[in-house]
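Report on the following structure.
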Amino acid sequence: MTPRPRAEVLRLPAYGGGRAGDEPTHRLGSNESPFPPSAAVRAAIAASAGAAHRYPPLRPAELETRLAGHLGVRPEQVLAGGGSIAVLEQLVRAFAGPGDRVAYAWRSYEAYPILVAAAGATPLEVPLRDSAPDLSAVAAALTPDVRVILVCNPNNPTSTVLPPGALPAFVAAVPEDVLIVVDEAYREFVPAGGTDDGVRLQRAYPNVAVLRTFSKAYALAGLRAGYCVADPAVLDAARRVALPFTLSAPALAAALATLDEPEPTARRVRRLTGSRDRLVAELRAAGLEVPASGTNFVWLPFGDVSREFLRQCTLAGIGVRVFPGEGVRITVGDEDANAAVVAAARRCSHPLRTADCGPRHGT
């Protein structure tokens, strides 16, 4: 007889379902940057390989200090790790366990229920409203056993952004002993003033922790580097449950190098957000419902016909991320990729007419 996993683990869907099996011509399913890091960043990555026989720093103090200066906080308020998802796992495990609940709006980032179940806690999922987290509904649903709240802003996969003022009002309504984790993986793609700044909010509320990443705007998805800004006591607890050396030496070198050159990152973001806004306009012109996006992807709320659109994209060599019965998330790519998406959308001129998305259109 083989060992039996926990029942709640077996009930979880595997991360990353809803993607085409073969490698597509246009890879638009994982919210990666279509633009590679700069030559200087690539050189820093290559140079780090010479020390591959050594462990990286157990605590990346240089990166945490640099980030603190960049954000206007103290170094002890920053924790860097192997991607923001790795840091989030530490926070959930440190503050929630059996008998506790973790609340979040849903649909949101697909890793949330996995991390909650892995910690032995119970999820409290509150439905979205108009494709966005309904913070008033989340606040109304809280129970005394909720120890952690996850707020994804902008929300993945629906691309929506909470309006200015929404987060401070929500945080003020939550008990001070509940940890509120604001996941800002896509913050760099939000226009200035378009939403609340989580780091600024954290300065006023010690029960707020803010997650950010180098994977998206900084084009380092393949290296996994992210960080958290929080009260030192919160980060002390998170460090106590951390696996050692999750931030690799190449990732550390790349993160430091990209902080040295803010203008290439800013140009990359401007180029991508311009492409995003054109893609949204063209998809709407094709007759599709597309929420305004504050991310590097767009959301098509196709509902029950999501798989039909996935099939059309697959025939055209476009890899997207489908959430069956809900919608399709499409990463903003280069010009050729975006044009292919628009062409596929035009062939599916109405999201409720599945016949328009049939295989007869070919590639």
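Residue numbering restarts at 1 in every chain; chains get A, B, ... in the order shown in the structure tokens, and ligands count up from 1 in that same order.
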
- Query: Leaving out Pro154 of chain A and any residue of its chain fewer than 2 positions from it, which residues lie within 8 Å of it when counting only C-alpha atoms, given as a ChimeraX atom specification?
  - Reply: /A:152,156,159-162,183-187,190,294-295

Generate a file of the selected residues that holds C-alpha atoms, formatted as a short mmCIF file (atom, residue, chain, number, x, y, z; two decimals), in the first residue's frame.
data_model
loop_
_atom_site.label_atom_id
_atom_site.label_comp_id
_atom_site.auth_asym_id
_atom_site.auth_seq_id
_atom_site.Cartn_x
_atom_site.Cartn_y
_atom_site.Cartn_z
CA CYS A 152 -4.48 40.69 -5.58
CA ASN A 156 -4.84 37.97 -11.81
CA SER A 159 -6.58 42.31 -15.03
CA THR A 160 -8.79 44.70 -13.04
CA VAL A 161 -7.44 47.40 -10.70
CA LEU A 162 -8.97 48.57 -7.43
CA ASP A 183 -0.14 41.11 -3.97
CA GLU A 184 1.20 43.77 -6.37
CA ALA A 185 2.95 41.58 -8.94
CA TYR A 186 1.67 43.77 -11.79
CA ARG A 187 1.81 47.18 -10.14
CA VAL A 190 -0.87 50.56 -13.59
CA GLY A 294 -3.81 47.37 -15.42
CA THR A 295 -1.48 44.45 -16.14
#

What's around segment 321-333 of chain A at 8 Å? Count only C-alpha atoms, leave out sequence neighbours fewer than 2 positions away in its own chain, and write the answer as a short mmCIF file (atom, residue, chain, number, x, y, z; two decimals) with N, CA and C atoms, in the first residue's frame.
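Final file, selection04.cif:
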data_model
loop_
_atom_site.label_atom_id
_atom_site.label_comp_id
_atom_site.auth_asym_id
_atom_site.auth_seq_id
_atom_site.Cartn_x
_atom_site.Cartn_y
_atom_site.Cartn_z
N GLY A 17 -3.05 24.41 -15.15
CA GLY A 17 -3.94 23.75 -16.10
C GLY A 17 -4.53 24.76 -17.07
N GLY A 18 -5.20 24.28 -18.12
CA GLY A 18 -5.84 25.19 -19.05
C GLY A 18 -4.92 25.77 -20.09
N ARG A 19 -3.74 25.14 -20.28
CA ARG A 19 -2.83 25.58 -21.33
C ARG A 19 -2.73 24.49 -22.39
N HIS A 26 3.16 31.47 -30.54
CA HIS A 26 3.05 32.68 -29.72
C HIS A 26 2.71 32.25 -28.29
N ARG A 27 3.65 32.41 -27.40
CA ARG A 27 3.51 31.92 -26.02
C ARG A 27 2.92 33.04 -25.15
N LEU A 28 1.60 33.00 -24.97
CA LEU A 28 0.89 34.07 -24.29
C LEU A 28 0.07 33.56 -23.11
N GLY A 29 0.55 32.50 -22.47
CA GLY A 29 -0.23 31.90 -21.39
C GLY A 29 0.30 32.13 -20.00
N SER A 30 1.49 32.74 -19.84
CA SER A 30 2.11 32.80 -18.52
C SER A 30 2.49 34.20 -18.07
N ASN A 31 2.04 35.22 -18.79
CA ASN A 31 2.30 36.61 -18.41
C ASN A 31 3.79 36.94 -18.34
N GLU A 32 4.55 36.34 -19.24
CA GLU A 32 5.97 36.66 -19.35
C GLU A 32 6.16 37.92 -20.18
N SER A 33 7.29 38.57 -20.01
CA SER A 33 7.61 39.72 -20.84
C SER A 33 8.03 39.23 -22.23
N PRO A 34 7.54 39.87 -23.30
CA PRO A 34 8.02 39.51 -24.63
C PRO A 34 9.40 40.08 -24.93
N PRO A 157 -6.62 36.45 -12.67
CA PRO A 157 -6.39 36.68 -14.10
C PRO A 157 -7.26 37.75 -14.75
N THR A 158 -8.06 38.51 -14.01
CA THR A 158 -9.05 39.37 -14.65
C THR A 158 -8.52 40.75 -15.02
N LEU A 272 5.15 48.07 -23.51
CA LEU A 272 4.18 47.00 -23.29
C LEU A 272 2.78 47.56 -23.01
N SER A 275 1.20 48.66 -26.20
CA SER A 275 0.70 47.50 -26.94
C SER A 275 -0.57 46.95 -26.30
N ARG A 276 -0.60 46.91 -24.99
CA ARG A 276 -1.79 46.42 -24.27
C ARG A 276 -3.02 47.25 -24.61
N LEU A 279 -4.20 46.55 -28.02
CA LEU A 279 -4.81 45.23 -28.10
C LEU A 279 -6.22 45.26 -27.53
N ASN A 296 -0.03 43.21 -17.65
CA ASN A 296 0.56 42.90 -18.94
C ASN A 296 -0.22 41.81 -19.65
N PHE A 297 -1.51 41.71 -19.36
CA PHE A 297 -2.37 40.74 -20.02
C PHE A 297 -3.79 41.31 -20.12
N VAL A 298 -4.62 40.62 -20.89
CA VAL A 298 -6.03 41.00 -21.00
C VAL A 298 -6.88 39.80 -20.64
N TRP A 299 -8.10 40.10 -20.24
CA TRP A 299 -9.04 39.08 -19.79
C TRP A 299 -10.27 39.11 -20.69
N LEU A 300 -10.64 37.94 -21.19
CA LEU A 300 -11.85 37.80 -21.99
C LEU A 300 -12.84 36.93 -21.23
N PRO A 301 -13.89 37.51 -20.67
CA PRO A 301 -14.84 36.73 -19.85
C PRO A 301 -15.81 35.93 -20.71
N PHE A 302 -15.32 34.89 -21.33
CA PHE A 302 -16.11 34.10 -22.27
C PHE A 302 -17.08 33.13 -21.60
N GLY A 303 -16.90 32.86 -20.33
CA GLY A 303 -17.80 31.93 -19.65
C GLY A 303 -17.71 30.54 -20.23
N ASP A 304 -18.86 29.98 -20.58
CA ASP A 304 -18.93 28.59 -21.00
C ASP A 304 -18.26 28.31 -22.34
N VAL A 305 -17.98 29.33 -23.13
CA VAL A 305 -17.36 29.07 -24.44
C VAL A 305 -15.85 29.33 -24.42
N SER A 306 -15.27 29.41 -23.21
CA SER A 306 -13.84 29.67 -23.12
C SER A 306 -13.02 28.61 -23.84
N ARG A 307 -13.40 27.36 -23.72
CA ARG A 307 -12.63 26.30 -24.37
C ARG A 307 -12.71 26.39 -25.89
N PHE A 309 -12.78 29.18 -27.60
CA PHE A 309 -11.81 30.19 -28.01
C PHE A 309 -10.40 29.64 -27.86
N LEU A 310 -10.15 28.86 -26.82
CA LEU A 310 -8.85 28.21 -26.68
C LEU A 310 -8.54 27.36 -27.89
N GLY A 319 -0.68 30.27 -27.65
CA GLY A 319 -0.86 29.65 -26.34
C GLY A 319 -1.45 30.66 -25.37
N GLU A 335 4.39 42.42 -31.56
CA GLU A 335 3.40 42.85 -32.54
C GLU A 335 2.79 41.68 -33.30
N ASP A 336 3.61 40.70 -33.68
CA ASP A 336 3.09 39.56 -34.42
C ASP A 336 2.12 38.75 -33.57
N ALA A 337 2.47 38.55 -32.31
CA ALA A 337 1.60 37.77 -31.43
C ALA A 337 0.27 38.49 -31.22
N ASN A 338 0.31 39.79 -30.97
CA ASN A 338 -0.93 40.53 -30.74
C ASN A 338 -1.81 40.53 -31.98
#

- Item | For Pro123 of chain A: contacts at 12 Å, only C-alpha atoms, fewer than 5 positions along chain excluded, given as JSON, numbers by chain | {"A": [8, 12, 92, 96, 97, 98, 99, 100, 101, 102, 103, 104, 105, 106, 111, 112, 113, 114, 115, 116, 117, 118, 141, 142, 143, 145, 146, 147, 148, 149, 150]}

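For segment 100-146 of chain A, a DSSP pass over the backbone yields strand (DSSP E) at Arg101, Val102, Ala103, Tyr104, Ala105, Trp106, Thr122, Pro123, Leu124, Glu125, Val126, Pro127 and Val146 of chain A.
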
- Item | Residue set, segment 136-236 of chain A restricted to helix (DSSP H, G or I), as a ChimeraX atom specification | /A:136-141,166-173,187-189,198-204,232-236

- Item | Neighbour list for segment 252-257 of chain A as a ChimeraX atom specification, cut-off 6 Å, only C-alpha atoms, skip fewer than 3 positions in-chain | /A:41,44-45,249,260

Write the residues you've just listed into a file as a compact mmCIF listing (two decimals), in the first residue's frame, and include all heavy atoms for each of them.
# COMPACT_ATOMS: atom_id res chain seq x y z
N VAL A 41 22.20 43.30 -17.81
CA VAL A 41 21.62 42.32 -16.90
C VAL A 41 22.04 40.92 -17.30
O VAL A 41 22.40 40.09 -16.46
CB VAL A 41 20.08 42.47 -16.86
CG1 VAL A 41 19.45 41.33 -16.05
CG2 VAL A 41 19.68 43.81 -16.28
N ALA A 44 25.51 40.30 -16.10
CA ALA A 44 25.57 40.03 -14.66
C ALA A 44 25.16 38.60 -14.36
O ALA A 44 25.75 37.92 -13.50
CB ALA A 44 24.67 41.01 -13.91
N ILE A 45 24.17 38.10 -15.09
CA ILE A 45 23.73 36.71 -14.91
C ILE A 45 24.86 35.76 -15.29
O ILE A 45 25.16 34.80 -14.56
CB ILE A 45 22.48 36.43 -15.76
CG1 ILE A 45 21.30 37.28 -15.27
CG2 ILE A 45 22.12 34.95 -15.72
CD1 ILE A 45 20.11 37.27 -16.22
N ALA A 249 21.85 32.57 -7.02
CA ALA A 249 22.87 33.57 -7.32
C ALA A 249 22.61 34.30 -8.64
O ALA A 249 22.73 35.53 -8.70
CB ALA A 249 24.25 32.92 -7.32
N ASP A 260 20.04 48.85 -11.20
CA ASP A 260 21.04 49.84 -11.60
C ASP A 260 20.63 50.61 -12.85
O ASP A 260 21.24 51.64 -13.17
CB ASP A 260 22.39 49.15 -11.88
CG ASP A 260 23.10 48.73 -10.60
OD1 ASP A 260 22.85 49.36 -9.56
OD2 ASP A 260 23.89 47.77 -10.66

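Proximity ranking of A:Thr258, A:Thr273, A:Thr265, A:Asn155 relative to Leu128 of chain A places A:Asn155 first, based on only C-alpha atoms.
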
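Using only C-alpha atoms for every distance, the candidate list A:Cys348, A:Pro56, A:Ala140, A:Pro37 yields A:Pro37 as the residue closest to Lys216 of chain A.
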
- Note on the structure: Using only C-alpha atoms, the best pick from A:Gly50, A:Pro144, A:Gly274, A:Pro250 as closest to Val174 of chain A would be A:Pro144

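Proximity of A:Ala43, A:Leu88, A:Ala217, A:Ala237 to Ile180 of chain A, computed with only C-alpha atoms, is greatest for A:Leu88.
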
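Residue nearest Val210 of chain A, chosen from A:Ala169, A:Val181, A:Leu247, A:Ala121 and counting only C-alpha atoms: A:Val181.
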
- Message: Excluding Thr65 of chain A and its own-chain neighbours fewer than 6 positions away, which residues fall within 8 Å of it when counting only C-alpha atoms? Please give them as JSON, numbers by chain.
- Response: {"A": [74, 75, 78]}

Kindly export the residues of the current selection with all heavy atoms, as a tab-separated table (two decimals), in the first residue's frame.
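Result went into part-v5.tsv, see below:
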chain	number	residue	atom	x	y	z
A	74	ARG	N	12.79	50.99	5.70
A	74	ARG	CA	14.00	50.51	6.36
A	74	ARG	C	14.36	49.12	5.84
A	74	ARG	O	13.47	48.34	5.49
A	74	ARG	CB	13.80	50.46	7.87
A	74	ARG	CG	13.38	51.78	8.48
A	74	ARG	CD	13.39	51.74	10.01
A	74	ARG	NE	12.69	50.60	10.58
A	74	ARG	CZ	11.37	50.54	10.77
A	74	ARG	NH1	10.60	51.57	10.41
A	74	ARG	NH2	10.83	49.48	11.32
A	75	PRO	N	15.66	48.78	5.79
A	75	PRO	CA	16.04	47.45	5.30
A	75	PRO	C	15.37	46.30	6.04
A	75	PRO	O	15.08	45.26	5.43
A	75	PRO	CB	17.56	47.44	5.49
A	75	PRO	CG	17.96	48.87	5.42
A	75	PRO	CD	16.83	49.62	6.07
A	78	VAL	N	12.13	44.69	4.56
A	78	VAL	CA	12.15	44.04	3.25
A	78	VAL	C	12.66	42.62	3.40
A	78	VAL	O	13.67	42.37	4.06
A	78	VAL	CB	13.04	44.81	2.26
A	78	VAL	CG1	13.02	44.13	0.89
A	78	VAL	CG2	12.59	46.26	2.13
